[in-house]
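Undergrad: See protein31.cif below, with mmCIF, C-alpha atoms.
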```
data_target
#
loop_
_atom_site.label_atom_id
_atom_site.label_comp_id
_atom_site.auth_asym_id
_atom_site.auth_seq_id
_atom_site.Cartn_x
_atom_site.Cartn_y
_atom_site.Cartn_z
CA MET A 1 -0.06 -0.82 47.44
CA GLN A 2 -3.35 -2.45 48.36
CA LEU A 3 -5.13 -0.25 45.80
CA LEU A 4 -2.75 -1.22 43.01
CA TYR A 5 -3.75 -4.89 42.96
CA PRO A 6 -7.46 -4.26 42.20
CA LEU A 7 -6.49 -1.63 39.63
CA ALA A 8 -4.10 -4.00 37.88
CA LEU A 9 -6.75 -6.72 37.92
CA ALA A 10 -9.37 -4.40 36.41
CA VAL A 11 -6.98 -3.29 33.66
CA SER A 12 -6.03 -6.86 32.80
CA LEU A 13 -9.71 -7.88 32.57
CA SER A 14 -10.64 -4.93 30.34
CA LEU A 15 -7.83 -5.41 27.81
CA PRO A 16 -9.60 -8.20 25.85
CA ALA A 17 -12.75 -6.07 25.53
CA LEU A 18 -10.73 -3.08 24.33
CA ALA A 19 -8.91 -5.26 21.84
CA GLN A 20 -12.23 -6.33 20.32
CA THR A 21 -13.32 -2.76 19.64
CA ALA A 22 -9.93 -1.52 18.44
CA PRO A 23 -9.17 -1.50 14.71
CA SER A 24 -7.83 -4.80 13.39
CA THR A 25 -4.41 -4.96 11.77
CA ARG A 26 -5.79 -7.33 9.15
CA PRO A 27 -7.50 -5.52 6.23
CA ALA A 28 -11.16 -6.40 5.92
CA PRO A 29 -12.54 -7.75 2.61
CA ARG A 30 -13.96 -4.91 0.55
CA ASN A 31 -17.10 -6.46 -0.97
CA LEU A 32 -20.23 -7.58 0.85
CA VAL A 33 -23.38 -9.54 0.03
CA GLU A 34 -26.28 -9.23 2.46
CA PHE A 35 -29.76 -10.57 3.12
CA GLY A 36 -32.29 -8.68 5.22
CA ALA A 37 -35.73 -9.45 6.61
CA GLY A 38 -38.01 -7.35 8.78
CA ARG A 39 -41.11 -5.19 8.98
CA SER A 40 -42.16 -1.74 7.83
CA LEU A 41 -45.16 0.28 8.93
CA ASN A 42 -47.31 1.52 6.06
CA GLY A 43 -47.98 5.07 7.16
CA SER A 44 -51.01 5.56 4.92
CA GLY A 45 -52.87 2.60 6.42
CA ASP A 46 -51.18 2.04 9.78
CA TYR A 47 -50.49 -1.64 9.15
CA PHE A 48 -47.29 -3.67 9.01
CA CYS A 49 -45.66 -4.98 5.85
CA GLN A 50 -42.96 -7.58 5.49
CA LYS A 51 -39.79 -6.42 3.76
CA PHE A 52 -37.01 -8.61 2.35
CA HIS A 53 -33.91 -7.56 0.45
CA VAL A 54 -30.79 -8.96 -1.16
CA GLY A 55 -27.97 -6.50 -1.67
CA TYR A 56 -24.36 -5.87 -2.56
CA ALA A 57 -22.01 -3.24 -1.16
CA ARG A 58 -18.44 -2.17 -1.80
CA THR A 59 -16.24 -0.36 0.70
CA LEU A 60 -14.62 2.83 -0.56
CA GLY A 61 -11.84 3.60 1.87
CA ARG A 62 -12.10 3.39 5.64
CA HIS A 63 -15.37 5.28 6.18
CA PHE A 64 -17.53 5.00 3.05
CA SER A 65 -19.37 2.28 1.14
CA VAL A 66 -22.02 2.14 -1.58
CA GLY A 67 -24.23 -0.51 -3.04
CA PRO A 68 -27.55 -1.51 -4.66
CA ARG A 69 -30.14 -4.00 -3.43
CA LEU A 70 -33.40 -5.56 -4.57
CA ALA A 71 -36.25 -5.23 -2.06
CA LEU A 72 -39.71 -6.83 -1.85
CA ILE A 73 -42.47 -5.36 0.35
CA ASN A 74 -45.81 -7.03 1.03
CA GLY A 75 -48.57 -6.30 3.53
CA SER A 76 -52.32 -6.44 4.05
CA THR A 77 -54.96 -5.97 6.71
CA ASP A 78 -58.73 -5.61 7.17
CA ILE A 79 -60.24 -2.42 8.55
CA TYR A 80 -63.38 -2.95 10.61
CA PHE A 81 -66.08 -0.26 10.55
CA GLY A 82 -68.56 -1.95 12.85
CA GLN A 83 -71.77 -3.89 12.28
CA GLY A 84 -69.98 -6.45 10.11
CA ALA A 85 -68.51 -3.96 7.61
CA THR A 86 -64.85 -4.59 6.77
CA LEU A 87 -62.59 -3.47 3.94
CA PRO A 88 -59.33 -5.22 2.96
CA ILE A 89 -56.31 -3.07 2.09
CA THR A 90 -53.07 -4.31 0.57
CA TYR A 91 -49.67 -2.93 -0.41
CA ARG A 92 -47.09 -4.64 -2.61
CA ALA A 93 -43.93 -3.17 -4.07
CA ILE A 94 -40.67 -4.25 -5.66
CA ASN A 95 -37.81 -1.75 -5.48
CA LEU A 96 -34.31 -1.34 -6.80
CA GLU A 97 -32.62 0.65 -4.04
CA GLY A 98 -29.23 2.34 -3.97
CA GLU A 99 -27.62 3.65 -0.81
CA ALA A 100 -24.38 5.30 0.27
CA TYR A 101 -23.07 4.74 3.81
CA TYR A 102 -20.80 6.67 6.14
CA ALA A 103 -19.21 4.81 9.06
CA PRO A 104 -17.76 7.48 11.42
CA PHE A 105 -15.64 4.96 13.34
CA GLY A 106 -14.50 3.02 10.28
CA TYR A 107 -15.17 -0.40 8.81
CA GLU A 108 -12.16 -2.10 10.41
CA ARG A 109 -13.78 -2.44 13.82
CA ARG A 110 -15.66 -5.47 15.07
CA PHE A 111 -18.72 -3.29 15.68
CA VAL A 112 -19.60 -1.16 12.65
CA PHE A 113 -22.05 1.74 12.87
CA ALA A 114 -23.06 3.64 9.72
CA PHE A 115 -25.46 6.30 8.46
CA GLY A 116 -27.11 5.65 5.10
CA ALA A 117 -28.94 7.72 2.50
CA GLY A 118 -30.11 6.95 -1.01
CA ALA A 119 -32.92 6.63 -3.53
CA TYR A 120 -34.96 3.93 -5.23
CA VAL A 121 -37.22 3.14 -8.16
CA GLY A 122 -39.88 0.48 -8.19
CA HIS A 123 -43.38 -0.67 -8.95
CA THR A 124 -46.39 -0.39 -6.62
CA ARG A 125 -49.68 -2.26 -6.42
CA GLN A 126 -51.90 -0.89 -3.68
CA HIS A 127 -55.58 -1.37 -2.86
CA ASP A 128 -57.30 0.88 -0.31
CA PHE A 129 -60.10 3.46 -0.42
CA TYR A 130 -60.73 7.16 -0.78
CA TYR A 131 -63.41 7.15 1.90
CA ALA A 132 -65.52 4.68 3.84
CA GLY A 133 -68.10 4.90 6.59
CA TRP A 134 -71.68 4.71 7.68
CA GLY A 135 -74.29 7.29 6.73
CA ARG A 136 -78.01 7.74 6.18
CA ASN A 137 -79.55 7.31 2.76
CA ALA A 138 -82.57 9.06 1.24
CA ASN A 139 -84.87 6.83 3.29
CA ASN A 140 -83.08 7.82 6.50
CA GLU A 141 -81.60 4.32 6.83
CA TRP A 142 -78.03 3.61 7.94
CA VAL A 143 -75.96 2.25 5.06
CA PHE A 144 -72.26 1.61 4.60
CA ASP A 145 -70.63 3.37 1.67
CA SER A 146 -67.07 3.36 0.35
CA ARG A 147 -65.11 4.37 -2.70
CA PRO A 148 -62.22 1.98 -3.50
CA ARG A 149 -58.87 3.15 -4.77
CA ASN A 150 -56.47 0.98 -6.74
CA THR A 151 -52.96 2.33 -7.29
CA GLN A 152 -50.62 0.65 -9.72
CA GLY A 153 -47.52 1.98 -11.43
CA PHE A 154 -43.90 2.97 -11.19
CA HIS A 155 -42.62 5.15 -8.39
CA VAL A 156 -39.41 6.82 -7.21
CA GLY A 157 -38.44 7.69 -3.68
CA TYR A 158 -35.75 8.47 -1.14
CA LEU A 159 -34.60 6.67 1.98
CA ALA A 160 -32.41 7.17 5.04
CA SER A 161 -31.12 4.61 7.51
CA LEU A 162 -29.14 3.82 10.65
CA ASN A 163 -27.10 0.61 10.44
CA ALA A 164 -25.29 -1.45 13.08
CA ASP A 165 -23.34 -4.63 12.34
CA TYR A 166 -21.18 -6.94 14.43
CA VAL A 167 -18.37 -9.03 12.94
CA VAL A 168 -18.79 -12.53 14.38
CA ASP A 169 -15.59 -14.24 13.18
CA ASP A 170 -11.86 -13.51 13.28
CA GLU A 171 -11.62 -13.58 9.48
CA GLN A 172 -14.07 -10.61 9.32
CA ARG A 173 -16.24 -12.49 6.85
CA TRP A 174 -19.63 -12.78 8.58
CA LEU A 175 -21.68 -9.93 10.03
CA LEU A 176 -24.94 -9.83 11.94
CA GLY A 177 -26.74 -6.54 12.21
CA ALA A 178 -29.84 -4.39 12.17
CA LYS A 179 -31.14 -1.62 9.95
CA LEU A 180 -33.58 1.16 10.90
CA ALA A 181 -34.87 2.91 7.79
CA LEU A 182 -37.40 5.47 6.60
CA GLN A 183 -38.52 5.65 2.98
CA ASN A 184 -41.02 7.77 1.05
CA ASP A 185 -42.18 7.49 -2.57
CA THR A 186 -44.10 9.56 -5.12
CA TYR A 187 -47.41 7.90 -4.16
CA GLY A 188 -47.03 9.28 -0.64
CA ASN A 189 -46.26 5.92 0.96
CA ILE A 190 -44.14 6.54 4.06
CA LEU A 191 -42.61 3.33 5.39
CA PRO A 192 -40.56 3.43 8.61
CA GLY A 193 -39.22 0.02 9.56
CA ALA A 194 -36.52 -2.26 10.90
CA GLN A 195 -34.70 -5.27 9.47
CA LEU A 196 -32.27 -7.86 10.72
CA ARG A 197 -29.36 -8.49 8.39
CA LEU A 198 -26.92 -11.29 7.66
CA ALA A 199 -23.94 -10.38 5.50
CA ARG A 200 -20.80 -12.00 4.16
CA ARG A 201 -17.71 -10.19 2.97
CA PHE A 202 -15.53 -11.52 0.18
#
```
Could you spell out this file's structure in structure tokens?

TA:
Amino acid sequence: MQLLYPLALAVSLSLPALAQTAPSTRPAPRNLVEFGAGRSLNGSGDYFCQKFHVGYARTLGRHFSVGPRLALINGSTDIYFGQGATLPITYRAINLEGEAYYAPFGYERRFVFAFGAGAYVGHTRQHDFYYAGWGRNANNEWVFDSRPRNTQGFHVGYLASLNADYVVDDEQRWLLGAKLALQNDTYGNILPGAQLRLARRF
């Protein structure tokens, strides 16, 4: 009997936590508008870019959703080659992204986890260089030489993501979450990154 009292107490304390993760009996709204902000690492230059997006998603059943978003990416840095030689590099892009999501545990739970995959089209403006470094000239003097590269034009790409969101209100309207994503485009720009998200269902 003495063991039953602690067991009953533990069960009674765990019931509220289990109730939070169990599916809700109230159907969640099916449309969602979200705003995201975070950073992506430009793999071609090893520097961070800021990424912002505004998106829309619609739930298709219990486990699937789809939606487009508009994303802006901007980043720059200076690469130092020693002896006062530096080169600025920049990356700017605007993308129209589309992604499909699969939530293995469903969208009715307070904590929503989903895998995402999709594609995007956009426009790139990038300034970097083909090569840069110090070398000796015909007079055997050390000189700094570089060949700049300016990339500008339309691109297409693919992306994949892991998404986690937490419903913060009983009406299941507001969600806070995070997105880990990897994207790659036709210019060879590989951008792994993470964003924080705020979303509202309606």

Undergrad: Given the PyMOL selection byres ((chain A and resi 87-90) around 6) and the file above, list the residues it selects as a PDB file with C-alpha atoms, in the coordinates of the input.

TA:
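result-v7.pdb was written with the following content:
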```pdb
ATOM      1  CA  GLY A  75     -48.570  -6.300   3.530  1.00  0.00           C
ATOM      2  CA  SER A  76     -52.320  -6.440   4.050  1.00  0.00           C
ATOM      3  CA  THR A  77     -54.960  -5.970   6.710  1.00  0.00           C
ATOM      4  CA  ASP A  78     -58.730  -5.610   7.170  1.00  0.00           C
ATOM      5  CA  ILE A  79     -60.240  -2.420   8.550  1.00  0.00           C
ATOM      6  CA  THR A  86     -64.850  -4.590   6.770  1.00  0.00           C
ATOM      7  CA  TYR A  91     -49.670  -2.930  -0.410  1.00  0.00           C
ATOM      8  CA  GLN A 126     -51.900  -0.890  -3.680  1.00  0.00           C
ATOM      9  CA  HIS A 127     -55.580  -1.370  -2.860  1.00  0.00           C
ATOM     10  CA  ASP A 128     -57.300   0.880  -0.310  1.00  0.00           C
TER      11      ASP A 128
END
```

Undergrad: Report as a list in words all protein, DNA and RNA residues lying within 10 Å of A:Trp174, evaluated on all atoms listed in the file, omitting residues in the same chain fewer than 2 positions from it.

TA: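 Neighbouring residues, sequence-local ones excluded: Leu32, Val33, Glu34, Asp165, Tyr166, Val167, Val168, Asp169, Asp170, Glu171, Gln172, Leu176, Leu198, Ala199, Arg200, Arg201 and Phe202 of chain A.
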
Undergrad: Under the rule that only C-alpha atoms are counted, which of A:Ala160, A:Leu175, A:Val54, A:Ala37 is the nearest residue to A:Tyr107?

TA: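 Closest to A:Tyr107, using only C-alpha atoms: A:Leu175.
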
Undergrad: At a cut-off of 9 Å from (-43.1, -4.5, 8.8) in the coordinates of the file, what residues are picked up using only C-alpha atoms, written as number ranges by chain?

TA: A: 38-42, 47-51, 73-75, 191-195

Undergrad: Evaluated on this file, the PyMOL selection byres ((chain A and resi 83) around 12) picks out some residues - which ones are they, written as a PyMOL selection string?

TA: chain A and resi 80-82+84-86+133-134+142-144

Undergrad: How would you write as a list of chain:residue names the residues that get within 10 Å of (-48.4, 1.0, -4.7) in the file's frame, counting only C-alpha atoms?

TA: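 Output of the proximity query reads A:Thr90, A:Tyr91, A:Arg92, A:Ala93, A:Ile94, A:Gly122, A:His123, A:Thr124, A:Arg125, A:Gln126, A:His127, A:Asp128, A:Asn150, A:Thr151, A:Gln152, A:Gly153, A:Phe154, A:His155, A:Asp185, A:Thr186, A:Tyr187, A:Gly188, A:Asn189.
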
Undergrad: Written as a list of chain:residue names, which residues does the PyMOL selection byres ((chain A and resi 66-72) around 8) give for the file shown?

TA: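 With the shown file as input, the PyMOL selection byres ((chain A and resi 66-72) around 8) matches A:Lys51, A:Phe52, A:His53, A:Val54, A:Gly55, A:Tyr56, A:Ala57, A:Arg58, A:Thr59, A:Leu60, A:Phe64, A:Ser65, A:Ile73, A:Asn74, A:Arg92, A:Ala93, A:Ile94, A:Asn95, A:Leu96, A:Glu97, A:Gly98, A:Glu99, A:Ala100, A:Tyr101.
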
Undergrad: Interatomic distance between atom CA of A:Gly116 and atom CA of A:Ala178?

TA: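 Value for the atom CA of A:Gly116-atom CA of A:Ala178 distance: 12.6 Å.
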